[in-house]
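Here the structure comes first, spelled out in structure tokens, and everything after it is commentary.
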Amino acid sequence: MQEIYRVQTRPKAQTSNIVLGDKYRITVLTEGLIRLEYSEDQIFEDRATKLAFFRDFPECNYRVLHTESGIEIHTSRIHLIYNEKEFSSHGLSIEVKGNISVYHSIWHYGEEIHDLGGTARTLDEANGEIPLDHGVVSRLGFSLLDDSESQVLLDNGWIEPRKKGVKDLYFFGYGHDYKEALKDFYYLCGQTPMLPRYALGNWWSRYYKYTEESYMEFMERFDEEKLQFTFSFIDMDWHLVDIDPKYGSGWTGYTWNKDFFPNPKRFLDKLHSRGMHTTLNVHPASGVQGHEEMYVPMAKELGIDYEHEDPILCDLADPVFMEAYFKYLHHPREEEGVDFWWIDWQQGTNTKIEGLDPLWILNHFHFLDSKRNGKRPMTFSRYAGPGSHRYPIGFSGDTITTWESLDFQPYFTSTASNVGYGWWSHDIGGHMLGYKDDEMEARWAQYGIYSPIMRLHSSCSDFNGKEPWRFKKEAEAAMGDALRQRHQMIPYLYTMNYRSYKEALPLVTPMYYDYSEEPAAYMVKNQFMFGSELLVAPITSKRISGINRAKVTAWLPDGKWYDIYTGLMYDGGRMIDLYRDLNSIPVFAKAGAILPFTDEISSVEAIKNPTSLRLKVFAGANGSFELYEDDNETCAYEKDDCVKTKLEYQEKEKAELVIYPSAGNLQLIPEMRSYVVELIGFQQAAKERVTVMVAGKEVKASASYDVKKQAVVIQIPKVLVRQEIRISIDIAYLQKENRVFESCFEFLNQAEISFVLKEQIFNLIKKEKRIPILISEMSTIGLEENLYGALMEIITAKEF
């Protein structure tokens with residue numbers, strides 16, 4: 001095959017890490033990762049497989065003991081006992097060292113694995129929870145991946161089946177060191193590549209019979225609504241669908257429908273001029289039929305009888321077909337302007353080669369093919385097993401439009417990190433069937449802000465579009481705000497994109513990654529960390545009648561936390577019921593967090609490194625953040641061709657934010673930048689005590705105050721990015737209290753309860769300043785549970 005399809009791997013393990021026996025080979029890849037092979041004919045696999053690309057871990061520290069009954073292997077993490085015979089439950093066991101669990105941190109060969117889950121191939125037709133495959137982390141301290149039937153990668157770029165009857169297992173015994181387990185999993189399988197910047201913006205997608213004219217009119221309506229998208233998904237009706245039945249159903253197609261799109265290049269150029277990248281949907285399963293414009297030349301190359309219009313079968317197990325598949329079906333469309341492909345494979349796991357998954361073949365070769373012209377590769381397809389993180393982005397499939405589907409997606413997304421799969425894209429708002437619920441759509445869009453990918457999508461039903469203006473005004477406003485907020489976050493998201501690649505940490509991670517010894521971290525299944533700075537607890541249920549708030553039970557770890565929307569400060573170390581109106585979901589930044597956002601949110605601006613930044617800094621602890629930038633679209637990042645800008649906040653004699661000079665290839669970013677800095681958690685008087693220094697000299701900068709956020713807002717005009725900026729405020733102006741009185745009034749004012757009860761509650765709050773006494777009195781007046789709960793959240797958010 002062509003050079004582009006040949007993957008660089010290092011599949012041979014260090015000889016010093018291998019324990020070789022008569023019919024077995026045990027490789028101590030790391031002190032927690034053990035490869036277990038058994039082969040009757042003593043032939044073991046040293047080539048790369050679908051799962052394992054890099055087995056060349058550094059030399060590992062371990063001990064081997066030979067006993068009368070076999071061998072024992074000790075590392076700092078595991079104790080392996082093996083009778084040197086065919087693997088069996090009585091002859092092979094591995095215990096994870098340390099106080100992980102009582103009796104349960106030992107694995108016997110063949111036993112069922114009880115881990116924290118991984119992910120699934122698809123959410124097609126899912127209406128709520130579905131079973132998940134295995135990941136590599138467990139509360140019991142171990143998990144297992146079976147590579148025995150994986151395909152082998154050949155030097156020429158193609159694949160072949162494994163030898164049958166051989167056992168090839170990878171045991172992950174890292175205790176509760178989940179991040180280390182994931183790091184070594186990524187080393188074994190290969191890193192998650194960086195996404196191009198445009199992938200982190202808003203995506204518009206719908207299964208619908210658009211024409212060039214109707215689509216562009218639609219984009220103009222989005223402009224009028226001030227809604228911006230960096231991605232355009234054209235579903236299957238871009239190609240001929242209504243075809244002669246002798247050619248099949250029309251579900252598979254590669255020829256533009258010229259009635260809808262008379263000049264495809266013109267259409268795609270229009271989208272590109274708007275800052276939008278494009279993808280086309282393909283269902284490859286039916287091959288190429290005689291009506292396709294490229295049928296004859298492709299048939300000739302493959303030796304198909306084109307005069308009788310014999311179909312070109314979709315033979316994904318044939319390398320000759322695969323090269324023709326790209327040459328004739330995809331490259332011409334890319335020359336017209338298609339940026340990458342949506343591979344919509346729904347036809348099972350069989351090919352003519354036993355064990356070869358057609359979905360994996362499509363993902364692997366589409367990803368490799370997409371980088372042939374030097375651009376950053378990407379594809380869009382369903383999950384095809386461990387190792388699929390190498391081929392982002394994941395398309396989770398056609399979910400049912402229900403609250404149950406929404407409620408499952410946060411857990412599904414964060415748990416996928418347990419098998420390294422960090423870039424799931426869901427049909428935000430649900431795809432099909434189900435029912436219309438405006439509140440649900442708003443909550444789904446709000447969750448979409450904090451999903452790996454923000455992609456609105458829906459079926460071809462005339463009643464099922466996701467255009468915000470199709471919904472009630474409050475839902476429309478919430479959806480529009482969600483889309484705008486996503487673009488504001490792109491500098492933060494792009495840095496986390498780099499973190500995913502460089503530090504082997506997905507954007508979305510379960511709470512137990514950072515708090516593995518806290519039982520509460522395992523209880524809040526829908527709660528997750530969103531990058532390094534944010535904690536998210538999505539709302540996935542309806543508002544409660546009367547109080548007009550939806551409720552979610554969350555866990556705040558120790559420390560001081562800020563809700564970035566409501567402005568309330570919270571003391572952590574507890575479970576807490578949170579109540580929110582339709583304007584936001586609970587999203588928290590810990591004291592010391594720094595969020596680099598931007599106000600440049602148009603499609604054209606969003607795909608570039610910004611000329612201005614909005615920095616949100618949360619007082620109460622020291623913190624730092626390193627903003628990452630590069631060319632956004634090539635693979636030069638792999639050679640560290642980038643710019644990094646360190647941001648540091650410290651509280652000593654003064655509260656000070658330092659924006660250090662940008663370092664690296666400064667040609668990649670604007671020469672000058674302006675800043676809006678929000679110092680959150682300060683008193684109003686602080687705005688008169690702000691000092692701004694640029695390159696060691698004090699400069700004038702305007703400062704205002706955001707009462708709700710309790711934030712000093714500082715405007716800094718354009719500054720050279722190679723200059724240092726220091727912003728300081730006297731530490732005495734730190735805010736220690738919430739706006740309890742005002743927040744309680746705002747809540748009661750909108751609550752649909754009796755006026756007499758409102759007055760009774762508010763008079764208590766005005767009269768009683770002793771919080772314990774206030775709580776006691778309020779508990780005696782017979783308030784409805786959630787009315788009481790919503791008030792208690794505000795009153796007890798901070799320690800009294």
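Naming scheme: A, B, ... for chains in displayed order of the structure tokens; residues 1 onward per chain; ligands 1 onward as shown.
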Excluding same-chain residues fewer than 3 positions from stretch 130-132 of chain A, what lies within 12 Å of it counting only C-alpha atoms, as an mmCIF file with C-alpha atoms, in the first residue's frame?
```cif
data_model
loop_
_atom_site.group_PDB
_atom_site.id
_atom_site.type_symbol
_atom_site.label_atom_id
_atom_site.label_comp_id
_atom_site.auth_asym_id
_atom_site.auth_seq_id
_atom_site.Cartn_x
_atom_site.Cartn_y
_atom_site.Cartn_z
ATOM 1 C CA HIS A 114 -15.324 -5.820 37.567
ATOM 2 C CA ASP A 115 -13.960 -2.450 36.519
ATOM 3 C CA LEU A 116 -15.277 1.093 36.249
ATOM 4 C CA GLY A 117 -16.343 0.556 32.650
ATOM 5 C CA GLY A 118 -15.113 1.835 29.316
ATOM 6 C CA THR A 119 -17.402 2.747 26.452
ATOM 7 C CA ALA A 120 -19.602 1.161 23.756
ATOM 8 C CA ARG A 121 -19.622 0.937 19.981
ATOM 9 C CA THR A 122 -22.644 3.184 19.598
ATOM 10 C CA LEU A 123 -25.699 4.707 21.219
ATOM 11 C CA ASP A 124 -27.840 3.870 18.181
ATOM 12 C CA GLU A 125 -31.487 3.592 19.251
ATOM 13 C CA ALA A 126 -30.466 3.937 22.908
ATOM 14 C CA ASN A 127 -33.132 5.335 25.189
ATOM 15 C CA GLY A 135 -11.796 0.000 30.543
ATOM 16 C CA TYR A 383 -16.091 3.365 18.253
ATOM 17 C CA GLY A 385 -12.742 -1.084 20.318
ATOM 18 C CA THR A 399 -30.102 8.305 20.081
ATOM 19 C CA GLU A 404 -33.401 9.284 29.699
ATOM 20 C CA SER A 405 -30.958 9.675 26.789
ATOM 21 C CA ASP A 407 -29.340 11.645 31.583
ATOM 22 C CA PHE A 408 -27.041 8.842 30.375
ATOM 23 C CA GLN A 409 -24.733 10.900 28.183
ATOM 24 C CA TYR A 411 -21.778 9.372 32.536
ATOM 25 C CA PHE A 412 -21.223 7.659 29.193
ATOM 26 C CA THR A 413 -18.845 10.419 28.068
ATOM 27 C CA THR A 415 -16.487 6.870 31.610
ATOM 28 C CA ALA A 416 -15.159 6.516 28.060
ATOM 29 C CA ASN A 418 -11.325 4.822 31.174
ATOM 30 C CA VAL A 419 -10.390 3.376 27.791
#
```
**Message:** as a list in words, please: every residue in stretch 418-532 of chain A that DSSP puts in strand (DSSP E or B).
**Reply:**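 Matching residues for strand (DSSP E or B) in stretch 418-532 of chain A are Trp424, Ser425, Ile428, Met432, Ile453, Met454, Arg455, Leu456, Val508, Thr509, Pro510, Phe528, Met529 and Phe530 of chain A.
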Residues from the last selection, all heavy atoms, saved as a short mmCIF file (atom, residue, chain, number, x, y, z; two decimals), in the first residue's frame:
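Below is the file part_18.cif, written as the result:
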```cif
data_model
loop_
_atom_site.label_atom_id
_atom_site.label_comp_id
_atom_site.auth_asym_id
_atom_site.auth_seq_id
_atom_site.Cartn_x
_atom_site.Cartn_y
_atom_site.Cartn_z
N TRP A 424 -15.81 11.88 22.20
CA TRP A 424 -17.16 11.50 21.75
C TRP A 424 -17.90 12.75 21.27
O TRP A 424 -17.82 13.81 21.90
CB TRP A 424 -17.95 10.88 22.87
CG TRP A 424 -17.90 9.38 22.98
CD1 TRP A 424 -17.54 8.66 24.08
CD2 TRP A 424 -18.27 8.42 21.98
NE1 TRP A 424 -17.64 7.31 23.81
CE2 TRP A 424 -18.09 7.13 22.54
CE3 TRP A 424 -18.73 8.51 20.66
CZ2 TRP A 424 -18.35 5.95 21.84
CZ3 TRP A 424 -18.98 7.34 19.96
CH2 TRP A 424 -18.80 6.08 20.55
N SER A 425 -18.67 12.60 20.22
CA SER A 425 -19.61 13.64 19.77
C SER A 425 -21.00 13.04 19.76
O SER A 425 -21.26 12.04 19.10
CB SER A 425 -19.25 14.11 18.36
OG SER A 425 -20.28 14.95 17.84
N ILE A 428 -26.50 16.36 20.03
CA ILE A 428 -27.00 17.23 21.10
C ILE A 428 -28.45 17.58 20.81
O ILE A 428 -28.79 18.08 19.74
CB ILE A 428 -26.14 18.50 21.22
CG1 ILE A 428 -24.71 18.14 21.63
CG2 ILE A 428 -26.75 19.48 22.21
CD1 ILE A 428 -24.58 17.45 22.96
N MET A 432 -33.75 11.18 17.17
CA MET A 432 -35.00 10.75 16.53
C MET A 432 -36.01 10.26 17.57
O MET A 432 -35.70 10.05 18.74
CB MET A 432 -34.70 9.62 15.55
CG MET A 432 -34.10 8.39 16.19
SD MET A 432 -33.65 7.14 14.96
CE MET A 432 -33.11 5.82 16.02
N ILE A 453 -17.49 17.60 22.09
CA ILE A 453 -17.86 18.23 20.82
C ILE A 453 -19.29 18.77 20.94
O ILE A 453 -20.17 18.08 21.45
CB ILE A 453 -17.77 17.23 19.65
CG1 ILE A 453 -16.37 16.64 19.53
CG2 ILE A 453 -18.22 17.88 18.34
CD1 ILE A 453 -15.28 17.64 19.20
N MET A 454 -19.51 19.98 20.45
CA MET A 454 -20.84 20.60 20.50
C MET A 454 -21.47 20.50 19.11
O MET A 454 -21.23 21.33 18.24
CB MET A 454 -20.71 22.06 20.94
CG MET A 454 -21.98 22.89 20.86
SD MET A 454 -23.37 22.22 21.78
CE MET A 454 -24.06 23.71 22.50
N ARG A 455 -22.27 19.45 18.91
CA ARG A 455 -22.85 19.20 17.58
C ARG A 455 -24.36 19.03 17.69
O ARG A 455 -24.85 18.03 18.20
CB ARG A 455 -22.23 17.93 16.95
CG ARG A 455 -22.81 17.56 15.58
CD ARG A 455 -22.12 16.33 15.02
NE ARG A 455 -22.23 15.20 15.92
CZ ARG A 455 -23.24 14.33 15.93
NH1 ARG A 455 -24.23 14.45 15.06
NH2 ARG A 455 -23.26 13.33 16.79
N LEU A 456 -25.11 20.01 17.21
CA LEU A 456 -26.56 19.88 17.13
C LEU A 456 -26.90 18.97 15.96
O LEU A 456 -26.32 19.07 14.88
CB LEU A 456 -27.21 21.25 16.92
CG LEU A 456 -26.93 22.31 17.99
CD1 LEU A 456 -27.65 23.60 17.64
CD2 LEU A 456 -27.34 21.82 19.37
N VAL A 508 -12.68 15.37 29.30
CA VAL A 508 -13.72 15.04 30.28
C VAL A 508 -13.27 13.81 31.06
O VAL A 508 -13.03 12.76 30.48
CB VAL A 508 -15.07 14.76 29.58
CG1 VAL A 508 -16.12 14.30 30.58
CG2 VAL A 508 -15.55 16.01 28.82
N THR A 509 -13.17 13.95 32.39
CA THR A 509 -12.75 12.82 33.22
C THR A 509 -13.69 12.66 34.42
O THR A 509 -14.21 13.65 34.94
CB THR A 509 -11.31 13.00 33.73
OG1 THR A 509 -11.20 14.26 34.41
CG2 THR A 509 -10.31 12.95 32.58
N PRO A 510 -13.89 11.42 34.86
CA PRO A 510 -14.72 11.19 36.05
C PRO A 510 -14.09 11.82 37.29
O PRO A 510 -12.88 12.05 37.35
CB PRO A 510 -14.76 9.66 36.18
CG PRO A 510 -14.29 9.13 34.86
CD PRO A 510 -13.37 10.16 34.30
N PHE A 528 -18.45 15.57 36.43
CA PHE A 528 -17.14 15.32 35.84
C PHE A 528 -16.28 16.58 35.89
O PHE A 528 -16.78 17.69 36.09
CB PHE A 528 -17.28 14.84 34.40
CG PHE A 528 -18.11 15.73 33.51
CD1 PHE A 528 -17.53 16.82 32.84
CD2 PHE A 528 -19.47 15.49 33.32
CE1 PHE A 528 -18.29 17.64 32.02
CE2 PHE A 528 -20.24 16.32 32.50
CZ PHE A 528 -19.65 17.39 31.85
N MET A 529 -14.99 16.37 35.69
CA MET A 529 -14.06 17.49 35.50
C MET A 529 -13.98 17.78 34.01
O MET A 529 -13.86 16.86 33.20
CB MET A 529 -12.68 17.16 36.06
CG MET A 529 -12.64 16.91 37.56
SD MET A 529 -13.21 18.30 38.56
CE MET A 529 -11.99 19.57 38.14
N PHE A 530 -14.02 19.05 33.68
CA PHE A 530 -13.95 19.50 32.29
C PHE A 530 -12.64 20.24 32.12
O PHE A 530 -12.55 21.45 32.36
CB PHE A 530 -15.15 20.38 31.97
CG PHE A 530 -15.31 20.70 30.51
CD1 PHE A 530 -15.72 19.72 29.60
CD2 PHE A 530 -15.07 21.98 30.02
CE1 PHE A 530 -15.88 20.02 28.26
CE2 PHE A 530 -15.23 22.29 28.69
CZ PHE A 530 -15.63 21.30 27.80
#
```
**Request:** List the neighbours of A:Met523 out to 10 Å using only C-alpha atoms; skip same-chain residues closer than 5 positions along the sequence, and give me the result as a list in words.
**Result:**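 Counting only C-alpha atoms, the residues come to Met511, Tyr512, Glu518, Thr553, Ala554, Trp555 and Met575 of chain A.
The list of residues with at least one atom within 8 Å of stretch 199-207 of chain A, based on only C-alpha atoms and without residues fewer than 5 positions apart in the same chain, reads Gln228, Phe229, Thr230, Phe231, Ser232, Phe233, Ile234, Asp235, Met236, Asp237, Pro452, Ile453, Met454, Arg455, Leu456, His457, Ser458, Ser459, Cys460, Gly465, Leu483, Arg486, His487, Ile490, Leu493, Tyr494, Ala606 and Ile607 of chain A.
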**Complete:** If you count only C-alpha atoms, the residue of A:Lys766, A:Arg443, A:Arg221, A:His431 closest to A:Asn464 turns out to be A:His431
**Which of A:Trp345, A:Tyr247, A:Tyr515, A:Trp238 sits closest to A:Ala285 [using only C-alpha atoms]** =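 Closest candidate: A:Trp345.
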